[in-house]
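J.: Below you'll find data33.cif; it's mmCIF, C-alpha atoms.
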data_work
#
loop_
_atom_site.label_atom_id
_atom_site.label_comp_id
_atom_site.auth_asym_id
_atom_site.auth_seq_id
_atom_site.Cartn_x
_atom_site.Cartn_y
_atom_site.Cartn_z
CA MET I 1 -6.24 -11.92 14.28
CA GLU I 2 -5.83 -9.86 17.42
CA LEU I 3 -3.03 -7.31 17.18
CA ALA I 4 -0.71 -6.38 20.02
CA MET I 5 -0.95 -2.86 21.39
CA GLU I 6 2.37 -2.04 19.73
CA ALA I 7 1.03 -3.11 16.33
CA GLN I 8 -2.14 -1.08 16.85
CA GLU I 9 -0.02 1.95 17.71
CA ILE I 10 2.03 1.55 14.51
CA ILE I 11 -1.22 1.60 12.55
CA ARG I 12 -2.54 4.64 14.44
CA GLN I 13 0.66 6.60 13.87
CA SER I 14 1.00 5.61 10.21
CA ALA I 15 0.87 8.37 7.61
CA GLU I 16 -1.56 6.08 5.74
CA PRO I 17 -3.47 4.03 8.34
CA GLU I 18 -6.29 2.96 6.02
CA LYS I 19 -3.90 1.76 3.34
CA LEU I 20 -1.77 -0.01 5.95
CA GLN I 21 -4.85 -1.79 7.33
CA SER I 22 -5.81 -2.85 3.81
CA ILE I 23 -2.33 -4.26 3.17
CA ILE I 24 -2.39 -6.08 6.53
CA LYS I 25 -5.75 -7.65 5.66
CA GLN I 26 -4.53 -8.75 2.22
CA THR I 27 -1.29 -10.13 3.64
CA SER I 28 -3.12 -11.95 6.42
CA ALA I 29 -5.41 -13.66 3.92
CA ARG I 30 -2.50 -14.77 1.72
CA LEU I 31 -0.55 -16.07 4.71
CA ALA I 32 -3.60 -18.01 5.88
CA GLU I 33 -3.93 -19.57 2.42
CA ALA I 34 -0.30 -20.66 2.69
CA GLN I 35 -0.90 -21.94 6.23
CA ILE I 36 1.61 -19.50 7.70
CA GLU I 37 0.67 -18.21 11.15
CA PRO I 38 2.88 -15.41 12.47
CA THR I 39 3.08 -14.97 16.23
CA GLU I 40 1.88 -11.75 17.84
CA LEU I 41 5.47 -10.46 17.91
CA GLN I 42 6.03 -11.44 14.28
CA TRP I 43 2.85 -9.58 13.30
CA THR I 44 4.05 -6.47 15.11
CA ILE I 45 7.40 -6.58 13.34
CA LEU I 46 5.73 -7.31 10.01
CA ILE I 47 3.27 -4.43 10.43
CA ASN I 48 6.15 -2.09 11.23
CA HIS I 49 7.89 -3.24 8.06
CA LEU I 50 4.75 -2.83 5.95
CA ASN I 51 4.38 0.70 7.32
CA GLU I 52 8.00 1.47 6.43
CA MET I 53 7.36 0.09 2.93
CA LEU I 54 4.40 2.46 2.55
CA ASN I 55 6.63 5.33 3.68
CA ARG I 56 9.33 4.41 1.13
CA SER I 57 6.69 4.13 -1.58
CA ARG I 58 5.24 7.54 -0.75
CA GLU I 59 8.66 9.21 -0.41
CA GLY I 60 10.24 7.52 -3.43
CA THR I 61 13.16 6.11 -1.43
CA THR I 62 14.71 2.64 -1.83
CA LEU I 63 16.46 -0.05 0.19
CA ALA I 64 20.06 -1.03 -0.21
CA GLY I 65 20.47 -4.14 -2.37
CA VAL I 66 19.84 -7.60 -0.93
CA ASP I 67 20.73 -11.16 -1.94
CA ARG I 68 17.77 -12.19 -4.09
CA THR I 69 18.45 -15.92 -4.05
CA LEU I 70 17.38 -16.49 -0.45
CA PHE I 71 13.58 -16.55 -0.42
CA THR I 72 10.36 -17.69 -1.98
CA LEU I 73 8.62 -14.54 -3.04
CA GLN I 74 5.04 -15.03 -4.19
CA ILE I 75 3.30 -13.50 -1.16
CA ALA I 76 5.96 -10.84 -0.67
CA GLN I 77 5.79 -9.83 -4.33
CA GLU I 78 1.99 -9.56 -4.26
CA THR I 79 2.09 -7.50 -1.07
CA THR I 80 4.77 -5.16 -2.42
CA GLU I 81 2.88 -4.72 -5.68
CA ALA I 82 -0.32 -3.92 -3.74
CA ILE I 83 1.52 -1.08 -2.01
CA GLY I 84 3.04 0.09 -5.29
CA GLN I 85 6.02 2.22 -6.26
CA LEU I 86 8.59 0.06 -4.47
CA SER I 87 11.70 -1.68 -5.77
CA GLU I 88 11.98 -5.44 -6.16
CA ASP I 89 14.40 -5.42 -3.21
CA GLU I 90 11.36 -4.90 -0.96
CA TRP I 91 10.08 -8.39 -1.96
CA TYR I 92 13.11 -10.10 -0.50
CA VAL I 93 13.21 -8.16 2.73
CA LEU I 94 9.47 -8.68 3.27
CA ALA I 95 9.83 -12.40 2.52
CA VAL I 96 12.08 -12.72 5.58
CA HIS I 97 9.03 -12.16 7.79
CA PHE I 98 7.17 -14.94 6.02
CA GLU I 99 10.10 -17.36 6.10
CA VAL I 100 10.51 -16.86 9.85
CA ALA I 101 6.77 -17.34 10.41
CA LYS I 102 6.85 -20.60 8.43
CA GLN I 103 9.03 -22.03 11.21
CA ASN I 104 6.06 -21.74 13.62
CA ASN I 105 4.39 -24.83 12.10
#
Could you write out this structure as structure tokens?

T.:
Amino acid sequence: MELAMEAQEIIRQSAEPEKLQSIIKQTSARLAEAQIEPTELQWTILINHLNEMLNRSREGTTLAGVDRTLFTLQIAQETTEAIGQLSEDEWYVLAVHFEVAKQNN
């Protein structure tokens, strides 16, 4: 996977670049297993979201509630748990990225 310059910049400016890269690698592998191939733009947006999730985890902040009936959550749940210290609401917001990417096939 080749990342756009914008995505690379998000990683460089992250408070936790190594952890973010690890989460990206894990997420990429799980998406590949599920035959989901995000576009370059979708990867950039996803990486930004993953970075924001790491920030919320580190800072102990949470998202506003979301409708939990909208998405399949296996990959999103695993990714959120790998980051740690995040609310379940993160699963559903992260799953949006995966649901959109599924439409690429």

J.: Care to translate the PyMOL selection byres ((chain I and resi 100) around 12) into actual residues of this file, as a PyMOL selection string?

T.: chain I and resi 36-39+41-43+45-46+71-72+93-99+101-105

J.: Which residues of range 67-103 of chain I sit at most 12 Å from range 50-55 of chain I, using all atoms listed in the file? Give each one's shortest atom pair and distance in Å (one decimal place), in chain and ascending residue order, as JSON lines.

T.:
{"residue": "I:Ala76", "atom": "CA", "partner": "I:Leu50", "partner_atom": "CA", "distance": 10.5}
{"residue": "I:Thr79", "atom": "CA", "partner": "I:Leu50", "partner_atom": "CA", "distance": 8.8}
{"residue": "I:Thr80", "atom": "CA", "partner": "I:Met53", "partner_atom": "CA", "distance": 7.9}
{"residue": "I:Glu81", "atom": "CA", "partner": "I:Met53", "partner_atom": "CA", "distance": 10.8}
{"residue": "I:Ala82", "atom": "CA", "partner": "I:Leu54", "partner_atom": "CA", "distance": 10.1}
{"residue": "I:Ile83", "atom": "CA", "partner": "I:Leu54", "partner_atom": "CA", "distance": 6.5}
{"residue": "I:Gly84", "atom": "CA", "partner": "I:Leu54", "partner_atom": "CA", "distance": 8.3}
{"residue": "I:Gln85", "atom": "CA", "partner": "I:Leu54", "partner_atom": "CA", "distance": 9.0}
{"residue": "I:Leu86", "atom": "CA", "partner": "I:Met53", "partner_atom": "CA", "distance": 7.5}
{"residue": "I:Ser87", "atom": "CA", "partner": "I:Met53", "partner_atom": "CA", "distance": 9.9}
{"residue": "I:Glu88", "atom": "CA", "partner": "I:Met53", "partner_atom": "CA", "distance": 11.6}
{"residue": "I:Asp89", "atom": "CA", "partner": "I:Met53", "partner_atom": "CA", "distance": 10.8}
{"residue": "I:Glu90", "atom": "CA", "partner": "I:Met53", "partner_atom": "CA", "distance": 7.5}
{"residue": "I:Trp91", "atom": "CA", "partner": "I:Met53", "partner_atom": "CA", "distance": 10.2}
{"residue": "I:Val93", "atom": "CA", "partner": "I:Met53", "partner_atom": "CA", "distance": 10.1}
{"residue": "I:Leu94", "atom": "CA", "partner": "I:Leu50", "partner_atom": "CA", "distance": 8.0}
{"residue": "I:Ala95", "atom": "CA", "partner": "I:Leu50", "partner_atom": "CA", "distance": 11.4}
{"residue": "I:His97", "atom": "CA", "partner": "I:Leu50", "partner_atom": "CA", "distance": 10.4}

J.: For CA of Ile11 in chain I and CA of Ile47 in chain I, determine how far apart the two atoms are, in Å to one decimal place.

T.: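 Atom-to-atom, CA of Ile11 in chain I and CA of Ile47 in chain I are spaced 7.8 Å apart.
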
J.: Enclose all atoms of range 81-92 of chain I listed in the file in an axis-aligned box, grow every side by 4 Å, and hand back centre and edge lengths in Å to one decimal, as JSON.

T.:
{"center_x": 7.0, "center_y": -3.9, "center_z": -3.4, "size_x": 22.7, "size_y": 20.3, "size_z": 13.8}

J.: Have a look at CA of Gly60 in chain I and CA of Tyr92 in chain I and let me know their distance in Å, one decimal.

T.: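 A separation of 18.1 Å between them.
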
J.: From the set I:Ser57, I:Gln35, I:Gln74, I:Asn48, which residue has the shortest atom-to-atom contact distance to Gln8 in chain I, counting all atoms listed in the file?

T.: I:Asn48

J.: Could you check the closest approach to Lys25 in chain I for each of I:Ile10, I:Leu3, I:Leu73, I:Arg56 and tell me which residue wins, using only C-alpha atoms?

T.: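 Closest residue, counting only C-alpha atoms: I:Leu3.
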
J.: Which residue out of I:Ala32, I:Ser22, I:Thr44, I:Pro17 has the minimum interatomic distance to Ala4 in chain I when only C-alpha atoms are used?

T.: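 Once distances to Ala4 in chain I are computed over only C-alpha atoms, the minimum belongs to I:Thr44.
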
J.: Quick one, how far is CA of Glu59 in chain I from CA of Ala15 in chain I?

T.: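 Result for CA of Glu59 in chain I versus CA of Ala15 in chain I: 11.2 Å, one decimal.
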
J.: Select, from I:Arg58, I:Met1, I:Leu31, I:Ile75, the residue with the minimum atom-to-atom distance to Glu16 in chain I, counting only C-alpha atoms.

T.: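 Nearest to Glu16 in chain I: I:Arg58.
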